[in-house]
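For reference, the structure is listed below as structure tokens.
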Amino acid sequence: FATRKEAETALAKMMKDAEDGLFDQSSDKITVEDFLEQWLASKESTVRKSTYRSYTWLVKKHVVPHLGKAKLTDLTPIHLQKFYNMLQKTKREKSESDRFLSNRTILHIHIVLQEALDRAVKWGLLNRNVAKLVDPPRAKKVQFTVWSQKEAAKFLEVCREDRYYVVFLLAIMTGMRKGEILGLRWQDVDFEQSVISVRQSLSYTGKGSEFQAPKIEHGKRAIAIPAQVVEALKRHKRQQAQEKLLLGQEYQDNDLVVATRFGTFVTARNLDRSWYKYLDELKIPRIRFHDLRHTHASLMLLQGVHPKIVSERLGHANIGITLDTYSHVMPGLQEAAAAKFADDLFSTTTDDKSVM
């Protein structure tokens with residue numbers, strides 16, 4: 001087509017014809033690659049930009065190179081099973097020699113293929129979805145390392161003067177995700193009530209950074225913050241005000257809590273540079289930034305905070321996700337709860353006897 005608009009118009013008509021059973025292409029000539037390009041185009045306006053970018057990357061990076069040339073109608077369950085088996089032996093890029101694609105990544109590829117082939121059935125290109133006849137590898141439970149209270153406190157002490165100190169503090173003290181912290185605005189911070197409202201996240205879409213709403217409704221949440229965090233945020237805001245004053249009209253005020261000296265978005269890459277610099281300096285476990293979220297949840301559970309409260313702070317859809325994710329913490333909590341219950345019970349019995 002001469003223009004993108006003409007192509008989109010033609011695609012819209014083709015999709016409508018497919019829904020009406022009037023698809024005029026010969027389905028036995030369409031390749032997997034051709035179909036997936038059409039499917040991705042149909043998804044672009046119906047999913048979050050970050051989700052679309054993830055779909056596109058999985059399709060072009062893994063599916064098309066191995067299955068793209070096959071005719072769509074020739075695709076069989078055995079093709080997919082061999083494909084998944086091959087992916088399990090595929091090494092990750094720029095990784096150690098013994099690291100391969102994770103089962104979780106392969107499961108995501110399977111989910112994308114299953115959704116795409118469902119659409120092919122609805123469009124009348126296939127009689128059945130062969131992806132539903134294949135069992136993908138089971139995703140292993142995510143393993144993560146968390147810091148102790150002393151390790152977290154040591155890290156915060158060392159980076160106290162860093163520009164991104166408030167980012168690390170919020171991650172440890174609230175369990176917010178990196179994108180949620182980078183997308184936090186001052187209007188979302190209530191100093192009087194000591195509450196942060198999570199309403200959006202900063203995400204890189206391939207065309208730059210932009211705000212996105214949480215994937216699920218529970219992602220929008222209010223998180224109580226202690227006095228130390230309130231004071232740190234106020235101090236950070238005063239420093240930011242000085243930068244605005246120095247730059248004057250050159251400062252781009254986006255109301256961001258975390259911003260560059262010019263008021264623009266802070267990229268995850270720039271934040272990571274500072275993060276890993278401190279990890280290299282300290283003799284504490286080397287963890288991922290996201291593990292600060294796990295650290296927050298684990299420490300709260302170990303302190304006896306009810307899992308329901310932890311679940312709400314993290315923005316989980318339900319408490320079951322929290323309990324399953326942090327089940328390794330639960331045995332210790334059960335032992336402590338059992339000991340406390342016994343101590344309270346027998347101390348009460350002893351007190352009653354002494355009264356008699």
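Chain labels run A, B, ... following the order of the structure tokens; each chain numbers its residues from 1, and ligands are numbered from 1 in the order shown.
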All strand (DSSP E) residues (DSSP, backbone) inside range 162-283 of chain A, as number ranges by chain
A: 189-190, 195-198, 201-204, 209-212, 221-224
Could you list, as a PDB file with all heavy atoms, in the first residue's frame, every residue within 10 Å of Ser54 in chain A, counting only C-alpha atoms and ignoring same-chain residues fewer than 4 positions away?
```pdb
ATOM      1  N   ARG A  48      -2.253  -2.982  25.782  1.00  0.00           N
ATOM      2  CA  ARG A  48      -1.293  -1.979  26.233  1.00  0.00           C
ATOM      3  C   ARG A  48      -0.075  -1.984  25.315  1.00  0.00           C
ATOM      4  O   ARG A  48       0.294  -3.018  24.758  1.00  0.00           O
ATOM      5  CB  ARG A  48      -0.844  -2.302  27.668  1.00  0.00           C
ATOM      6  CG  ARG A  48      -1.895  -2.095  28.708  1.00  0.00           C
ATOM      7  CD  ARG A  48      -1.585  -2.875  29.976  1.00  0.00           C
ATOM      8  NE  ARG A  48      -0.242  -2.650  30.471  1.00  0.00           N
ATOM      9  CZ  ARG A  48       0.072  -1.818  31.456  1.00  0.00           C
ATOM     10  NH1 ARG A  48      -0.892  -1.124  32.053  1.00  0.00           N
ATOM     11  NH2 ARG A  48       1.313  -1.676  31.858  1.00  0.00           N
ATOM     12  N   LYS A  49       0.561  -0.831  25.168  1.00  0.00           N
ATOM     13  CA  LYS A  49       1.716  -0.728  24.276  1.00  0.00           C
ATOM     14  C   LYS A  49       2.853  -1.643  24.709  1.00  0.00           C
ATOM     15  O   LYS A  49       3.543  -2.235  23.881  1.00  0.00           O
ATOM     16  CB  LYS A  49       2.189   0.718  24.191  1.00  0.00           C
ATOM     17  CG  LYS A  49       1.219   1.619  23.443  1.00  0.00           C
ATOM     18  CD  LYS A  49       1.759   3.031  23.300  1.00  0.00           C
ATOM     19  CE  LYS A  49       0.790   3.910  22.526  1.00  0.00           C
ATOM     20  NZ  LYS A  49       1.282   5.291  22.360  1.00  0.00           N
ATOM     21  N   SER A  50       3.046  -1.757  26.021  1.00  0.00           N
ATOM     22  CA  SER A  50       4.106  -2.636  26.513  1.00  0.00           C
ATOM     23  C   SER A  50       3.786  -4.099  26.209  1.00  0.00           C
ATOM     24  O   SER A  50       4.673  -4.892  25.905  1.00  0.00           O
ATOM     25  CB  SER A  50       4.303  -2.437  28.014  1.00  0.00           C
ATOM     26  OG  SER A  50       3.096  -2.663  28.720  1.00  0.00           O
ATOM     27  N   LEU A  58       8.426 -11.515  21.057  1.00  0.00           N
ATOM     28  CA  LEU A  58       8.367 -12.980  21.134  1.00  0.00           C
ATOM     29  C   LEU A  58       8.137 -13.595  19.750  1.00  0.00           C
ATOM     30  O   LEU A  58       8.763 -14.601  19.391  1.00  0.00           O
ATOM     31  CB  LEU A  58       7.258 -13.418  22.091  1.00  0.00           C
ATOM     32  CG  LEU A  58       7.504 -13.145  23.572  1.00  0.00           C
ATOM     33  CD1 LEU A  58       6.238 -13.437  24.380  1.00  0.00           C
ATOM     34  CD2 LEU A  58       8.664 -13.974  24.098  1.00  0.00           C
ATOM     35  N   VAL A  59       7.240 -12.962  18.979  1.00  0.00           N
ATOM     36  CA  VAL A  59       6.925 -13.491  17.646  1.00  0.00           C
ATOM     37  C   VAL A  59       8.125 -13.378  16.717  1.00  0.00           C
ATOM     38  O   VAL A  59       8.518 -14.349  16.063  1.00  0.00           O
ATOM     39  CB  VAL A  59       5.706 -12.745  17.056  1.00  0.00           C
ATOM     40  CG1 VAL A  59       5.593 -13.017  15.548  1.00  0.00           C
ATOM     41  CG2 VAL A  59       4.430 -13.179  17.755  1.00  0.00           C
ATOM     42  N   HIS A 108       5.261 -18.235  27.818  1.00  0.00           N
ATOM     43  CA  HIS A 108       4.722 -16.990  27.253  1.00  0.00           C
ATOM     44  C   HIS A 108       4.579 -17.094  25.737  1.00  0.00           C
ATOM     45  O   HIS A 108       3.600 -16.613  25.159  1.00  0.00           O
ATOM     46  CB  HIS A 108       5.639 -15.817  27.604  1.00  0.00           C
ATOM     47  CG  HIS A 108       5.560 -15.431  29.051  1.00  0.00           C
ATOM     48  ND1 HIS A 108       6.514 -14.655  29.658  1.00  0.00           N
ATOM     49  CD2 HIS A 108       4.651 -15.716  30.010  1.00  0.00           C
ATOM     50  CE1 HIS A 108       6.186 -14.476  30.927  1.00  0.00           C
ATOM     51  NE2 HIS A 108       5.068 -15.120  31.161  1.00  0.00           N
ATOM     52  N   ILE A 109       5.569 -17.716  25.088  1.00  0.00           N
ATOM     53  CA  ILE A 109       5.492 -17.920  23.635  1.00  0.00           C
ATOM     54  C   ILE A 109       4.282 -18.775  23.296  1.00  0.00           C
ATOM     55  O   ILE A 109       3.531 -18.501  22.345  1.00  0.00           O
ATOM     56  CB  ILE A 109       6.792 -18.581  23.121  1.00  0.00           C
ATOM     57  CG1 ILE A 109       7.976 -17.613  23.285  1.00  0.00           C
ATOM     58  CG2 ILE A 109       6.644 -19.005  21.659  1.00  0.00           C
ATOM     59  CD1 ILE A 109       9.330 -18.243  23.027  1.00  0.00           C
ATOM     60  N   VAL A 112       1.043 -16.776  23.584  1.00  0.00           N
ATOM     61  CA  VAL A 112       0.882 -15.881  22.434  1.00  0.00           C
ATOM     62  C   VAL A 112       0.412 -16.669  21.211  1.00  0.00           C
ATOM     63  O   VAL A 112      -0.509 -16.257  20.501  1.00  0.00           O
ATOM     64  CB  VAL A 112       2.208 -15.144  22.125  1.00  0.00           C
ATOM     65  CG1 VAL A 112       2.130 -14.437  20.779  1.00  0.00           C
ATOM     66  CG2 VAL A 112       2.517 -14.141  23.222  1.00  0.00           C
ATOM     67  N   THR A 205       8.005   2.001  25.574  1.00  0.00           N
ATOM     68  CA  THR A 205       7.182   1.346  24.556  1.00  0.00           C
ATOM     69  C   THR A 205       7.920   1.064  23.257  1.00  0.00           C
ATOM     70  O   THR A 205       7.340   0.535  22.326  1.00  0.00           O
ATOM     71  CB  THR A 205       5.963   2.221  24.223  1.00  0.00           C
ATOM     72  OG1 THR A 205       6.426   3.457  23.644  1.00  0.00           O
ATOM     73  CG2 THR A 205       5.155   2.527  25.458  1.00  0.00           C
TER      74      THR A 205
END
```
Surrounding residues of Ala131 in chain A excluding itself and chain neighbours under 4 positions, 10 Å, only C-alpha atoms, as a list of chain:residue names
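Counting only the stated atoms, we get A:Leu75, A:Thr76, A:Pro77, A:Ile78, A:His79, A:Leu80, A:Gln81, A:His110, A:Ile111, A:Val112, A:Leu113, A:Gln114, A:Glu115, A:Ala116, A:Leu117, A:Asp118, A:Asp135, A:Pro136.
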Listing only residues of range 54-80 of chain A within 10 Å of range 31-39 of chain A, what is the closest atom pair and its distance in Å (to one decimal) for each, using only C-alpha atoms, sorted by chain and residue number ascending, as CSV?
```
residue,atom,partner,partner_atom,distance
A:Thr56,CA,A:Glu37,CA,9.0
A:Val59,CA,A:Leu36,CA,7.6
A:Lys60,CA,A:Glu33,CA,8.8
A:Val63,CA,A:Glu33,CA,8.4
A:Val64,CA,A:Glu33,CA,5.8
A:Pro65,CA,A:Glu33,CA,8.9
A:His66,CA,A:Glu33,CA,9.9
A:Leu67,CA,A:Val32,CA,6.6
A:Gly68,CA,A:Glu33,CA,4.2
A:Lys69,CA,A:Thr31,CA,5.8
A:Ala70,CA,A:Thr31,CA,5.5
A:Lys71,CA,A:Thr31,CA,4.1
A:Leu72,CA,A:Val32,CA,4.8
A:Thr73,CA,A:Thr31,CA,8.1
A:Asp74,CA,A:Thr31,CA,9.0
A:Leu75,CA,A:Val32,CA,8.2
```
Figure out the distance between CA of Lys140 in chain A and CA of Arg104 in chain A, please, to one decimal in Å.
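Atom-to-atom, CA of Arg104 in chain A and CA of Lys140 in chain A are spaced 6.9 Å apart.
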